[in-house]
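Q: Below: one structure in C-alpha cells.
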Amino acid sequence: MNVKRILPVMMLLFIPQISLSLSIDISPNPVWFGEPLSISANCTYNSSAHVWLDIESPIIMQNLTFSEDNQTFHLTYSNMPELGTYTGTVHCVADVEETNQSISFLVRDLDAKIEKLKPENFYTDSRLTITVNITEVSDHTYNPNSGIGFELLEGSSTINLSPEDIYFKDGLWFVSPDYIFSEGEHHLNLRIEYQGKSIEAPFILNVLQPLNVKILSLTGDVKPYNNITIEPQVTYKGSSLSLSELNDLKIYLDSEEMPFSVQGNRITIELPDKDPGTYTLKLECSYEGAHASAETRISYLIGFTGTLVDIDNNLLSGTITFEKNGFSKRVTVNGDYSFSVPAGTYTVKVENFPGLKKAVFEGVEVNGETENFIRIDHFTSDDLGVPGIRIAGGLGLEMVLPFDSVKMEIGYDSSVVRDESELKLYTCENWNFDARRCSGEWEELSAAVDRISNVVKITTTHLSGFIVGEEERADIMFKTDKDAYFFGEEIVVTGTVRDGNQNPIPNAEVRYFFNDQTGTVRTTHDGIFSFTLTAPENPGTYRIEASLPEYSMETFTEEVTVEGKKALTLILPDDSEIPYSEESTFDIKIVNSGQVDLNDLDVVINGLPEGTFTCSPDRIEKLSRGEQKSVTLRFIPPNTSKNYQVTVTVSNRSIEETESFVLMVTGPAMSETQDQEPPFTGFITFVESVNPFDALSGITLIGIIFYSLKITRKKKEPRGSIRGIMFNIKNEIEKSSFEFKEEYKCKKCGRTFKSKRALGIHLSKKH
C-alpha cells in the first residue's frame with residue numbers, strides 16, 4: 001500500500017465541517033408602491049457564496065442577484081409592477097452546498113379622491129366642506145380611519161386647519177376650514193400624510209358674490225340729451241331679484257352720479273352733454289348686506305350725413321360699413337345717407353359703387369361730426385382722354401377722414417380691352433376732382449389684375465384719380481427740308497403722328513432733341529407737326545430725334561449734314577475809259593465771304609489781248625474766313641479804240657466765282673488844244689452842248705443813225721460794215737462830253753461816276 005497517497009485523504013476526513021446557514025431581513029414590509037424594497041441575506045460558510053432571489057407570485061422574476069458586503073448580501077428593488085403580496089425564495093450556494101428560504105412582502109398604494117365640495121354654489125359668505133375618499137390599496141381595499149394628517153394649501157400659502165375642522169364618517173374624511181374665500185377662482189391643494197406616504201389632491205374652487213348684477217342690454221343712441229334704456233339682471237345666490245327689492249341702486253357716468261327712473265326691470269337715463277368719446281356707465285346696488293356692481297363702456301355717437309354723387313350729379317348707390325372691436329354699422333346708400341357711430345378707430349368698407357367694387361380703409365379715425373366724408377367719381381374714355389392710354393375704367397376717390405391704408409378693387413370694362421394681360425393701373429398725384437382732370441402726369445402703379453372679376457387690386461396710402469387701361473402705340477415720322485445745311489442755317493422739320501390704324505392723332509405732344517437744342521410741340525388736328533432748328537457752327541453729321549412721351553414707341557431719328565458755306569466776293573474796278581498805249585493799273589479785291597478758310601485759289605483774267613496785261617499775284621495760297629486780299633491788274637491797251645469785257649475768275653477745286661467789268665479804250669491822251677475842240681470822226685461832228693439823254697438828244701441820235709445809213713448805202717458798202725458804222729457812232733457819242741454836271745452819284749452805295757452811262761452800267765451789274 002502506498003502510504004503517501006492515503007495520508008492526505010485520511011487528513012480530510014478528520015477536518016471539522018461547518019454547516020451552511022441563511023437568515024433574511026426585509027425592510028420596509030409592507031412597502032409603498034414606487035418606493036424601494038431592501039432585502040438583506042446572511043449566508044454563513046467558510047468559503048465564498050452566491051445568493052439570489054426568485055419571485056414566484058404575483059409575477060415571476062428569477063435570478064435577482066444579491067451583492068455581497070463582508071459576507072452580508074443585499075438586494076434593493078423599487079420597480080414592483082404590481083400591488084399585492086409577493087412570494088419568493090432566496091437561494092444561497094457555497095461550493096457544492098445549497099440552502100434556501102421562502103419570503104413574502106406586501107406592496108401597497110395610497111389614493112385620495114375629492115368626492116364633493118360643499119356648497120355647490122360657493123359664495124364669499126359660505127363655509128367650505130371638502131369630502132375626500134382615502135384608500136389604501138394592495139390585495140384588497142382599505143379606508144384608513146386614523147393616523148392621517150391633512151394640510152390645505154393655496155399656492156405656497158397654508159390655510160390653517162384645526163382638529164375640529166377634520167373628522168371621519170362612513171369611510172370618508174371631511175375637511176371644513178374656518179376660512180373666508182374672496183370672489184374668484186382659487187386653486188387649492190389638499191395634502192395627505194399616512195404612514196410615511198404623502199399624496200396630494202388638487203381642486204379648483206369658484207367663489208361667487210352672493211349678489212350679482214349684469215347689464216343685459218343698452219338701447220338708444222348715445223347722444224347728448226338723448227334717453228337710453230338699461231336692462232340689468234340681478235341675482236342673489238342664484239335667485240333673481242327685482243329692481244324694487246334692491247337697496248341703494250345708483251347709476252354713474254364715469255364719476256358723475258346720474259338721475260334715472262325705473263319702470264319694471266328697466267332703467268331710463270337722460271344723457272348729459274358730453275364731448276365725443278367713450279365713457280364708463282356703472283350700476284351699483286346692495287341686498288342683505290351684499291354689494292354688487294356692473295359697468296359697460298358707452299361712446300357718444302358721431303353723426304355722418306351727406307349725398308354721394310359723381311361730378312355729373314348722378315346719384316351713386318352702394319354700401320358703407322364701419323367696424324371695430326365687435327361693433328358693426330352697415331349703411332345702404334342711395335345718394336343720400338345719414339347714420340351715427342361711436343368715436344374711435346375703424347375699418348371702413350365702401351362696396352359696390354360704380355367703378356369701385358370695394359375699398360377697405362384701415363385705421364380710420366372718427367372723432368367728430370362729418371358731412372360728405374367720402375367722394376366717388378367714375379368715368380370712361382368718353383369722359384377723359386389720356387394720350388397714349390386706352391381707358392377701360394376710371395375712378396376718382398377722396399376720403400375726408402384720416403386713415404392708415406386702403407385696399408381697393410377698381411372695376412374696368414373688359415369689352416373695350418384688346419389684351420387684358422397688358423392692362424395697367426395709373427394714378428395722377430395732382431388730380432382735380434371737380435374738373436375730372438389730371439393737372440400733372442399719369443404714373444404707373446404696381447397692381448394685380450383679376451380677369452375673372454374684372455377688377456384691378458391695389459393697396460395704397462394715397463387717394464387720387466386712377467385709370468385702368470392699356471398703352472396705345474403711335475408712329476411718328478418726319479423729314480427735313482433738305483439733307484445738308486451750312487453753319488447757322490435754319491433747319492425746317494415737318495412730320496406726322498399716327499395711331500396703329502394709321503389715323504392721325506391730334507394734339508399729341510412731340511419732344512425733339514438736336515445737338516443742344518430741345519423742345520416740344522403738339523400736332524394739329526391732322527396729326528401734323530413742325531419745328532425749326534439752327535444748324536451748329538461745327539461741321540459733321542448730326543442726328544435729329546423725336547419721340548412721343550405720352551405713347552409707347554421708339555424714338556424716330558433723321559440725320560443731317562452740316563458744313564461751312566464756301567463763298568467768294570469779288571470787288572472789281574468800275575467800268576473805266578482808258579487811252580490806248582498807256583499802262584493802266586486796276587485793283588481787284590478778293591474777299592472770303594464764306595464760313596470756312598479757302599486754299600489754293602487761282603486768279604484768271606480773260607477778255608484782254610494776250611501780252612497786254614499782267615495779274616499779280618495769280619494764286620492765293622490761303623484766304624481765311626472773312627479775310628480780303630488784293631490782286632493788281634496792269635494793262636497796256638493796243639493802239640485801237642475798243643471796249644473790253646474783262647472777266648475775273650477766282651477758283652479752286654471746290655469753288656469758283658466770276659465777275660466782269662468793262663474797259664473802254666478811247667484813243668490817245670488829249671492835249672489841252674485838242675481838248676478845246678470836239679473830236680472829228682471823219683463824217684460826223686457833235687455839238688458839245690447837246691444832252692444825249694433828253695428827248696432832243698434822242699431825236700438827234702435817230703437822225704444821225706438814219707443819215708449814216710443813208711451815206712453807207714450811197715457808197716454801196718457791204719451790209720456787214722454796218723456794225724462798224726454803229727461802232728463809230730457809239731465811239732463818237734462816248735467821246736462827246738454831253739454832261740450837264742461833272743459827277744453822277746449812286747444813291748444805293750454812294751459811289752460817284754463821271755458819266756451817266758458809267759452809272760447805268762454800274763446799276764445794271766450791282767443793283
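Following the order of the C-alpha cells, chains are lettered A, B, ..., residues in each are numbered from 1, and ligands are numbered from 1.
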Would you pick out the contacts of region 138-145 of chain A at 12 Å or less, using only C-alpha atoms, so that residues sharing its chain but fewer than 3 positions from it are not included, and give the list as number ranges by chain?
A: A: 30-33, 58, 82-86, 105-113, 132-135, 148-149, 166-174, 192-195
Q: Nearest residue to Asp574 (chain A) out of A:Phe661, A:Asp69, A:Thr380, A:Leu425, using only C-alpha atoms?
A: A:Phe661
Q: In Å, rounded to a single decimal, give me how far CA of Phe122 (chain A) is from CA of Asn206 (chain A).
A: 6.7 Å
Q: Per DSSP on the backbone, what are the strand (DSSP E) residues of region 181-281 of chain A, as a ChimeraX atom specification?
A: /A:184-194,197-208,211-219,227-236,239-241,247-253,256-257,261-263,266-270,278-281
Q: Would you please work out which residue, of A:Thr296, A:Asn100, A:Asn507, A:Thr480, is nearest to Ile528 (chain A) when using only C-alpha atoms?
A: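 When distances to Ile528 (chain A) are compared using only C-alpha atoms, the smallest one comes from A:Asn507.
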Q: Can you tell me which residues surround Glu470 (chain A) at a distance of at most 7 Å, considering only C-alpha atoms, apart from same-chain residues fewer than 5 positions away, and format the answer as JSON, numbers by chain?
A: {"A": [389, 390, 391, 422, 423, 424]}
Q: Enumerate, as a VMD selection string, the complete set of residues in region 119-312 of chain A that a backbone-based DSSP assignment places in helix (DSSP H, G or I).
A: chain A and resid 163 to 165 243 to 245
Q: What lies within 9 Å of region 351-360 of chain A using only C-alpha atoms, ignoring chain neighbours under 6 positions off, as number ranges by chain?
A: A: 316-321, 376-379, 393-395, 405-412, 455
Q: Output N, CA and C atoms of each residue in that selection to a file, as a tab-separated table (two decimals), in the first residue's frame.
A:
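Printed below is part.tsv as written:
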chain	number	residue	atom	x	y	z
A	316	LEU	N	-75.22	108.00	-56.56
A	316	LEU	CA	-74.45	106.76	-56.50
A	316	LEU	C	-75.03	105.86	-55.42
A	317	SER	N	-75.05	104.55	-55.71
A	317	SER	CA	-75.60	103.57	-54.77
A	317	SER	C	-74.54	102.54	-54.41
A	318	GLY	N	-74.58	102.11	-53.14
A	318	GLY	CA	-73.66	101.09	-52.65
A	318	GLY	C	-73.84	100.93	-51.16
A	319	THR	N	-72.86	100.33	-50.49
A	319	THR	CA	-72.92	100.14	-49.04
A	319	THR	C	-71.64	100.65	-48.39
A	320	ILE	N	-71.81	101.14	-47.16
A	320	ILE	CA	-70.68	101.60	-46.33
A	320	ILE	C	-70.81	100.94	-44.98
A	321	THR	N	-69.72	100.33	-44.50
A	321	THR	CA	-69.74	99.62	-43.22
A	321	THR	C	-68.60	100.11	-42.34
A	376	ILE	N	-66.90	109.92	-54.51
A	376	ILE	CA	-66.60	108.88	-55.50
A	376	ILE	C	-67.01	109.40	-56.87
A	377	ASP	N	-66.16	109.20	-57.85
A	377	ASP	CA	-66.47	109.56	-59.24
A	377	ASP	C	-65.93	108.45	-60.14
A	378	HIS	N	-66.70	108.08	-61.13
A	378	HIS	CA	-66.22	107.08	-62.09
A	378	HIS	C	-66.38	107.64	-63.49
A	379	PHE	N	-65.53	107.21	-64.39
A	379	PHE	CA	-65.55	107.76	-65.74
A	379	PHE	C	-64.96	106.75	-66.72
A	393	GLY	N	-61.39	101.86	-67.54
A	393	GLY	CA	-62.10	102.20	-66.31
A	393	GLY	C	-61.39	103.33	-65.60
A	394	GLY	N	-62.16	104.20	-64.98
A	394	GLY	CA	-61.57	105.33	-64.26
A	394	GLY	C	-62.28	105.57	-62.95
A	395	LEU	N	-61.53	106.03	-61.95
A	395	LEU	CA	-62.09	106.25	-60.62
A	395	LEU	C	-61.42	107.46	-59.98
A	405	SER	N	-54.26	103.03	-44.40
A	405	SER	CA	-54.08	102.44	-45.73
A	405	SER	C	-55.44	102.04	-46.27
A	406	VAL	N	-55.48	101.74	-47.56
A	406	VAL	CA	-56.73	101.32	-48.19
A	406	VAL	C	-56.41	100.26	-49.25
A	407	LYS	N	-57.21	99.20	-49.24
A	407	LYS	CA	-57.14	98.17	-50.27
A	407	LYS	C	-58.32	98.38	-51.21
A	408	MET	N	-58.02	98.58	-52.48
A	408	MET	CA	-59.07	98.91	-53.45
A	408	MET	C	-59.17	97.85	-54.54
A	409	GLU	N	-60.39	97.68	-55.01
A	409	GLU	CA	-60.66	96.88	-56.20
A	409	GLU	C	-61.40	97.77	-57.17
A	410	ILE	N	-60.68	98.23	-58.21
A	410	ILE	CA	-61.21	99.19	-59.18
A	410	ILE	C	-61.70	98.40	-60.40
A	411	GLY	N	-62.95	98.62	-60.77
A	411	GLY	CA	-63.53	97.88	-61.88
A	411	GLY	C	-63.13	98.44	-63.23
A	412	TYR	N	-63.23	97.59	-64.27
A	412	TYR	CA	-62.96	98.02	-65.64
A	412	TYR	C	-63.90	97.28	-66.60
A	455	VAL	N	-61.48	93.38	-62.13
A	455	VAL	CA	-61.06	94.45	-61.22
A	455	VAL	C	-59.54	94.46	-61.17
Q: Using only C-alpha atoms, which of A:Lys642, A:Glu200, A:Tyr225, A:Pro259 sits nearest Asp273 (chain A)?
A: A:Tyr225
Q: When you count only C-alpha atoms, which of these residues is closest to Asp254 (chain A): A:Ile230, A:Leu283, A:Leu445, A:Leu633?
A: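 Counting only C-alpha atoms, the residue closest to Asp254 (chain A) is A:Leu283.
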Q: Compile the contact shell of region 61-65 of chain A as number ranges by chain: residues with an atom at most 12 Å away, counting only C-alpha atoms, same-chain residues fewer than 6 positions apart removed.
A: A: 39-41, 49-55, 73-77, 79-81, 86-92
Q: Within 6 Å of Val562 (chain A), counting only C-alpha atoms, which residues qualify if same-chain residues fewer than 5 places away don't, as a PyMOL selection string?
A: chain A and resi 484-486+539-540
Q: With only C-alpha atoms as the basis for distance, which of A:Thr131, A:Asn430, A:Thr278, A:Asn189 is at the shortest distance from Ser176 (chain A)?
A: A:Thr131
